[in-house]
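Okay, structure first, notes after.
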Amino acid sequence: MKPAPYDYYDPTTVQEAIGLLNEFGDEAKLLAGGQSLVPMLNFRLARPSQLVDINNVTELDYVRRDDGVLVIGALTRHRSLEQSELADGAWALLPEALHNVGHVHIRNRGTVGGSLAHADPAAELPAAVSALGGRMVLRGKDGEREVTADTFFEGFFTTALAPNEILTEIRIPAWPARSGSAFLEVSRRHGDFAQVAVAAAIALGDDGRVIQGGLAVAGVGGEPVRASAVIDGLVGEQPTSQLIGELTEEFVAELTPPSDLHGSADYRRQLARHLVPRALDESVRRALA
Ligand code: FAD
């Protein structure tokens with residue numbers, strides 16, 4: 001199939017891109033890595049009359065540590081973040097999640113911002129960013145706002161981004177020194193989107209009790225489902241397998257996953273029941289290592 005006709009723009013600065021979005025409103029779409037948008041254009045599931053290609057906006061391509069925070073420009077390719085030496089400690093969750101995204105050719109083109117803005121409910125990166133307490137920076141003509149993952153992800157393929165805003169940066173907060181994280185997923189074939197994926201991070205105090213945690217599950221709802229009650233139940237406690245198991249059962253009982261071609265609701269619940277404790281146990285093991 002071929003896309004419907006559109007006018008093409010390739011700005012070189014964020015300001016220029018925002019100006020174009022502002023001029024065209026709902027008629028415009030941003031093009032980043034194109035790994036989701038181009039198939040949608042070809043199938044005519046998206047029919048923008050104006051395409052704003054941000055691949056030359058190189059100011060959005062960086063990974064750096066800033067005052068203890070990991071800051072990632074939205075145009076950073078999946079592969080760059082996957083190979084970044086800065087993503088260590090609990091942040092190693094990001095490369096581990098990205099390793100499950102499609103295949104290496106897709107990760108060479110796909111961008112961090114594109115994946116988050118696309119907000120596929122079965123995508124790996126939104127779950128990992130949610131679990132780590134990441135924040136998204138959205139810039140429009142009136143300035144910048146920073147939102148939490150809970151605010152950013154609104155539902156199936158829906159985010160808090162306004163039509164004239166660009167996701168410019170992702171900020172992942174510092175985690176305590178004694179932290180570990182783990183990403184586990186089940187998909188039909190290697191490189192497919194997850195049927196269910198679990199992103200977990202745990203920080204331990206000197207006495208081995210949990211002092212901080214994050215847990216998000218992809219594939220069981222419209223957006224990454226944050227298991228805050230599991231983390232609340234762990235904080236201040238020794239993270240024993242028994243406690244993790246009990247909290248997981250309570251969490252899974254509340255889940256209302258979708259049933260579709262890729263798996264029934266019951267099957268997804270079953271996957272979550274197995275993956276959540278394994279991801280938490282592994283995070284604890286890595287925090288202790
Ligand atoms: P694009 O396709 O260019 O854009 C996607 C959407 O985001 C568009 O609506 C665009 O307007 C918007 N957008 C892009 N950048 C911004 C920005 N900075 N601000 C605001 N809006 C923006 N993904 C997974 O998560 N897991 C998988 O297993 C997986 N497997 C794949 C397998 C195949 C064969 C293919 C082709 C893709 C797969 N993907 C998978 C999708 C891939 O991760 C995409 O790269 C990603 O979803 C979109 O990133 P992109 O940079 O390509 O964005």
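A note on labels: chains of the structure tokens are A, B, ... as shown, every chain counts residues from 1, and ligands are counted from 1 in their shown order.
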Requested in this report: Could you give me, as number ranges by chain, the residues within 10 Å of A:Ser115, counting only C-alpha atoms and dropping anything in the same chain fewer than 3 positions from it?
Outcome: A: 32-33, 35-36, 74, 77-78, 101, 110-112, 118-120, 123-126
Restricting it to N, CA and C atoms, dump the selection as a JSON list (two decimals), in the first residue's frame.
[["chain", "number", "residue", "atom", "x", "y", "z"],
["A", 32, "ALA", "N", 9.48, 10.27, 13.54],
["A", 32, "ALA", "CA", 10.78, 10.05, 14.19],
["A", 32, "ALA", "C", 11.44, 8.86, 13.49],
["A", 33, "GLY", "N", 11.52, 7.71, 14.15],
["A", 33, "GLY", "CA", 12.15, 6.54, 13.51],
["A", 33, "GLY", "C", 11.30, 5.92, 12.41],
["A", 35, "GLN", "N", 9.19, 3.60, 12.55],
["A", 35, "GLN", "CA", 8.97, 2.15, 12.65],
["A", 35, "GLN", "C", 7.52, 1.80, 12.98],
["A", 36, "SER", "N", 6.78, 2.73, 13.52],
["A", 36, "SER", "CA", 5.35, 2.53, 13.74],
["A", 36, "SER", "C", 4.54, 3.39, 12.78],
["A", 74, "ALA", "N", 14.61, 12.77, 23.15],
["A", 74, "ALA", "CA", 13.55, 11.95, 22.55],
["A", 74, "ALA", "C", 13.98, 11.27, 21.26],
["A", 77, "ARG", "N", 18.11, 6.89, 19.53],
["A", 77, "ARG", "CA", 17.68, 5.59, 18.97],
["A", 77, "ARG", "C", 17.67, 4.55, 20.08],
["A", 78, "HIS", "N", 16.77, 3.59, 19.94],
["A", 78, "HIS", "CA", 16.71, 2.50, 20.93],
["A", 78, "HIS", "C", 18.09, 1.88, 21.13],
["A", 101, "VAL", "N", 12.79, -5.29, 22.20],
["A", 101, "VAL", "CA", 12.01, -4.54, 21.20],
["A", 101, "VAL", "C", 12.40, -4.98, 19.79],
["A", 110, "GLY", "N", 14.26, 3.01, 15.43],
["A", 110, "GLY", "CA", 13.23, 3.44, 16.39],
["A", 110, "GLY", "C", 13.81, 4.34, 17.46],
["A", 111, "THR", "N", 13.03, 5.30, 17.92],
["A", 111, "THR", "CA", 13.52, 6.26, 18.91],
["A", 111, "THR", "C", 12.80, 6.07, 20.25],
["A", 112, "VAL", "N", 13.47, 6.52, 21.28],
["A", 112, "VAL", "CA", 12.91, 6.45, 22.63],
["A", 112, "VAL", "C", 11.61, 7.27, 22.68],
["A", 118, "HIS", "N", 4.06, 6.80, 20.96],
["A", 118, "HIS", "CA", 3.15, 5.87, 20.28],
["A", 118, "HIS", "C", 2.28, 5.13, 21.30],
["A", 119, "ALA", "N", 2.86, 4.84, 22.48],
["A", 119, "ALA", "CA", 2.12, 4.28, 23.63],
["A", 119, "ALA", "C", 1.37, 3.00, 23.30],
["A", 120, "ASP", "N", 2.05, 2.08, 22.63],
["A", 120, "ASP", "CA", 1.44, 0.76, 22.41],
["A", 120, "ASP", "C", 1.34, 0.07, 23.77],
["A", 123, "ALA", "N", 4.08, -2.43, 24.49],
["A", 123, "ALA", "CA", 5.47, -2.02, 24.27],
["A", 123, "ALA", "C", 6.28, -2.11, 25.57],
["A", 124, "GLU", "N", 7.56, -2.38, 25.39],
["A", 124, "GLU", "CA", 8.43, -2.61, 26.54],
["A", 124, "GLU", "C", 8.86, -1.32, 27.23],
["A", 125, "LEU", "N", 9.26, -0.32, 26.43],
["A", 125, "LEU", "CA", 9.88, 0.87, 27.03],
["A", 125, "LEU", "C", 8.94, 1.65, 27.95],
["A", 126, "PRO", "N", 7.65, 1.82, 27.58],
["A", 126, "PRO", "CA", 6.76, 2.54, 28.51],
["A", 126, "PRO", "C", 6.72, 1.88, 29.89]]
Sorted by chain and rising residue number, which residues of stretch 15-39 of chain A lie within 10 Å of stretch 149-163 of chain A, and what are their closest atom pairs and distances in Å to one decimal, counting only C-alpha atoms, as JSON lines?
{"residue": "A:Ile18", "atom": "CA", "partner": "A:Pro163", "partner_atom": "CA", "distance": 9.9}
{"residue": "A:Leu21", "atom": "CA", "partner": "A:Pro163", "partner_atom": "CA", "distance": 7.1}
{"residue": "A:Asn22", "atom": "CA", "partner": "A:Pro163", "partner_atom": "CA", "distance": 8.1}
{"residue": "A:Phe24", "atom": "CA", "partner": "A:Pro163", "partner_atom": "CA", "distance": 9.2}
{"residue": "A:Gly25", "atom": "CA", "partner": "A:Pro163", "partner_atom": "CA", "distance": 5.9}
{"residue": "A:Asp26", "atom": "CA", "partner": "A:Pro163", "partner_atom": "CA", "distance": 5.9}
{"residue": "A:Glu27", "atom": "CA", "partner": "A:Pro163", "partner_atom": "CA", "distance": 8.9}
{"residue": "A:Ala28", "atom": "CA", "partner": "A:Pro163", "partner_atom": "CA", "distance": 8.0}
{"residue": "A:Lys29", "atom": "CA", "partner": "A:Pro163", "partner_atom": "CA", "distance": 8.3}
{"residue": "A:Leu30", "atom": "CA", "partner": "A:Pro163", "partner_atom": "CA", "distance": 9.6}
Requested in this report: Once DSSP has gone over the backbone, tell me which residues of stretch 43-270 of chain A are in strand (DSSP E or B), as JSON, numbers by chain.
Outcome: {"A": [50, 51, 52, 53, 63, 64, 65, 66, 69, 70, 71, 72, 73, 77, 111, 135, 136, 137, 138, 139, 140, 143, 144, 145, 146, 147, 148, 153, 154, 155, 158, 159, 166, 167, 168, 169, 170, 171, 172, 179, 180, 181, 182, 183, 184, 185, 186, 196, 197, 198, 199, 200, 201, 202, 203, 204, 210, 211, 212, 213, 214, 215, 216, 217, 218, 225, 226, 235, 260, 263]}
Query raised in the report: Closest to ligand 1 among A:Val284, A:Ala279, A:Ile54, A:Leu167, using only C-alpha atoms and all ligand atoms?
Result: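 Checking each candidate against ligand 1, we get A:Leu167 as the closest.
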Query raised in the report: So which bits of stretch 31-99 of chain A end up helix (DSSP H, G or I) when you DSSP the backbone, as a list of chain:residue names?
Result: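 Selection result, helix (DSSP H, G or I) within stretch 31-99 of chain A: A:Leu37, A:Val38, A:Pro39, A:Met40, A:Leu41, A:Asn42, A:Thr58, A:Glu59, A:Leu60, A:His78, A:Arg79, A:Ser80, A:Leu81, A:Glu82, A:Gly89, A:Ala90, A:Trp91, A:Ala92, A:Leu93, A:Leu94, A:Pro95, A:Glu96, A:Ala97, A:Leu98.
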7 Å contact set for A:Ala287, only C-alpha atoms, chain neighbours under 2 positions out, as a short mmCIF file (atom, residue, chain, number, x, y, z; two decimals) with N, CA and C atoms, in the first residue's frame:
data_model
loop_
_atom_site.label_atom_id
_atom_site.label_comp_id
_atom_site.auth_asym_id
_atom_site.auth_seq_id
_atom_site.Cartn_x
_atom_site.Cartn_y
_atom_site.Cartn_z
N ARG A 178 22.16 0.67 46.38
CA ARG A 178 21.88 -0.77 46.48
C ARG A 178 20.56 -1.09 45.78
N SER A 179 20.56 -0.95 44.46
CA SER A 179 19.33 -1.17 43.68
C SER A 179 19.57 -2.24 42.63
N GLY A 180 18.49 -2.91 42.28
CA GLY A 180 18.55 -3.87 41.18
C GLY A 180 17.25 -3.81 40.41
N ALA A 203 15.09 -1.18 45.58
CA ALA A 203 16.26 -0.66 46.32
C ALA A 203 16.18 -1.16 47.76
N LEU A 204 17.33 -1.59 48.28
CA LEU A 204 17.38 -2.15 49.63
C LEU A 204 18.18 -1.26 50.56
N SER A 283 15.28 -8.77 40.81
CA SER A 283 15.71 -7.40 41.16
C SER A 283 16.40 -7.41 42.52
N VAL A 284 15.81 -8.14 43.47
CA VAL A 284 16.40 -8.22 44.82
C VAL A 284 17.78 -8.88 44.72
N ARG A 285 17.85 -9.95 43.96
CA ARG A 285 19.13 -10.67 43.82
C ARG A 285 20.21 -9.71 43.26
N ALA A 289 23.75 -8.16 44.83
CA ALA A 289 25.00 -8.65 44.19
C ALA A 289 26.10 -7.60 44.26
#
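In this structure, atom 49 (O, counted along the ligand's line) of ligand 1 sits 27.9 Å away from atom CA of A:Ile202.
Of note, atom 25 (O, counted along the ligand's line) of ligand 1 and atom CA of A:Ala122 are spaced 6.8 Å apart.
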Requested in this report: Pick out the residues sitting within 12 Å of A:Arg65, and hand them over as a list in words; count only C-alpha atoms, and ignore anything fewer than 5 positions along from it in its own chain.
Outcome: Leu70, Val71, Ile72, Gly73, Ser84, Glu85, Leu86, Ala87, Asp88, Trp91, Ile170, Arg171, Ile172, Pro173 and Ala174 of chain A
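Distance annotation: of A:Gly68, A:Gly19, A:Pro11, A:Gly219, the residue with the minimal separation from A:Ala265 is A:Gly219; atom set is only C-alpha atoms.
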Determine, counting only C-alpha atoms, which protein, DNA and RNA residues have an atom within 12 Å of an atom of A:Gly213; residues of the same chain fewer than 4 positions away are not included. Present the result as a CSV table (one decimal) with C-alpha atoms, in the first residue's frame.
chain,number,residue,atom,x,y,z
A,90,ALA,CA,18.5,0.2,38.4
A,130,SER,CA,7.1,3.8,34.4
A,131,ALA,CA,8.7,1.4,36.8
A,132,LEU,CA,11.7,3.6,37.2
A,133,GLY,CA,9.6,6.7,38.0
A,175,TRP,CA,18.1,5.3,42.5
A,176,PRO,CA,19.9,4.4,45.7
A,178,ARG,CA,21.9,-0.8,46.5
A,179,SER,CA,19.3,-1.2,43.7
A,180,GLY,CA,18.6,-3.9,41.2
A,181,SER,CA,16.1,-4.2,38.4
A,182,ALA,CA,14.8,-6.9,36.0
A,199,ALA,CA,9.5,-4.2,34.6
A,200,ALA,CA,10.7,-4.2,38.2
A,201,ALA,CA,13.2,-2.2,40.3
A,202,ILE,CA,14.0,-2.6,44.0
A,203,ALA,CA,16.3,-0.7,46.3
A,204,LEU,CA,17.4,-2.2,49.6
A,205,GLY,CA,18.6,-0.5,52.8
A,209,ARG,CA,14.6,-4.2,53.8
A,226,ARG,CA,1.7,0.2,37.9
A,227,ALA,CA,1.5,-2.3,40.7
A,228,SER,CA,1.8,0.4,43.5
A,229,ALA,CA,0.1,-1.8,46.1
A,230,VAL,CA,2.8,-4.5,45.6
A,231,ILE,CA,5.5,-2.0,46.2
A,232,ASP,CA,3.7,-0.4,49.1
A,233,GLY,CA,3.4,-3.8,50.7
A,234,LEU,CA,7.2,-4.5,50.2
A,235,VAL,CA,8.6,-1.1,51.5
A,236,GLY,CA,9.9,-1.5,55.0
A,237,GLU,CA,9.9,-5.4,54.8
A,239,PRO,CA,11.4,-9.1,50.4
A,279,ALA,CA,11.1,-10.1,38.2
A,280,LEU,CA,11.0,-8.9,41.8
A,283,SER,CA,15.7,-7.4,41.2
A,284,VAL,CA,16.4,-8.2,44.8
A,287,ALA,CA,20.5,-5.4,44.4
**Report entry** Neighbour list for A:Glu59 as an MDAnalysis selection string, cut-off 9 Å, only C-alpha atoms, skip fewer than 5 positions in-chain
**Finding:** chainID A and resid 12:14 73 75
**Report entry** Using only C-alpha atoms: which of A:His99, A:Arg145, A:His105, A:Arg268 has the shortest distance to A:Ala128
**Finding:** A:His99
Query - 9 Å contact set for A:Thr248, only C-alpha atoms, chain neighbours under 2 positions out, as a list in words - result: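 What passes the distance filter is Ala227, Val230, Leu243, Ile244, Gly245, Glu246, Glu250, Phe251, Val252, Ala253, Ala272, Arg273, His274, Val276 and Pro277 of chain A.
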Query - Point-to-point distance from atom CA of A:Pro39 to atom CA of A:His103, Å rounded to tenths - result: 16.1 Å
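For the residues A:Pro3, A:Ala92, A:Asp53, A:Met40, ranking by smallest atom-to-atom distance to A:Arg286 using only C-alpha atoms places A:Ala92 first.
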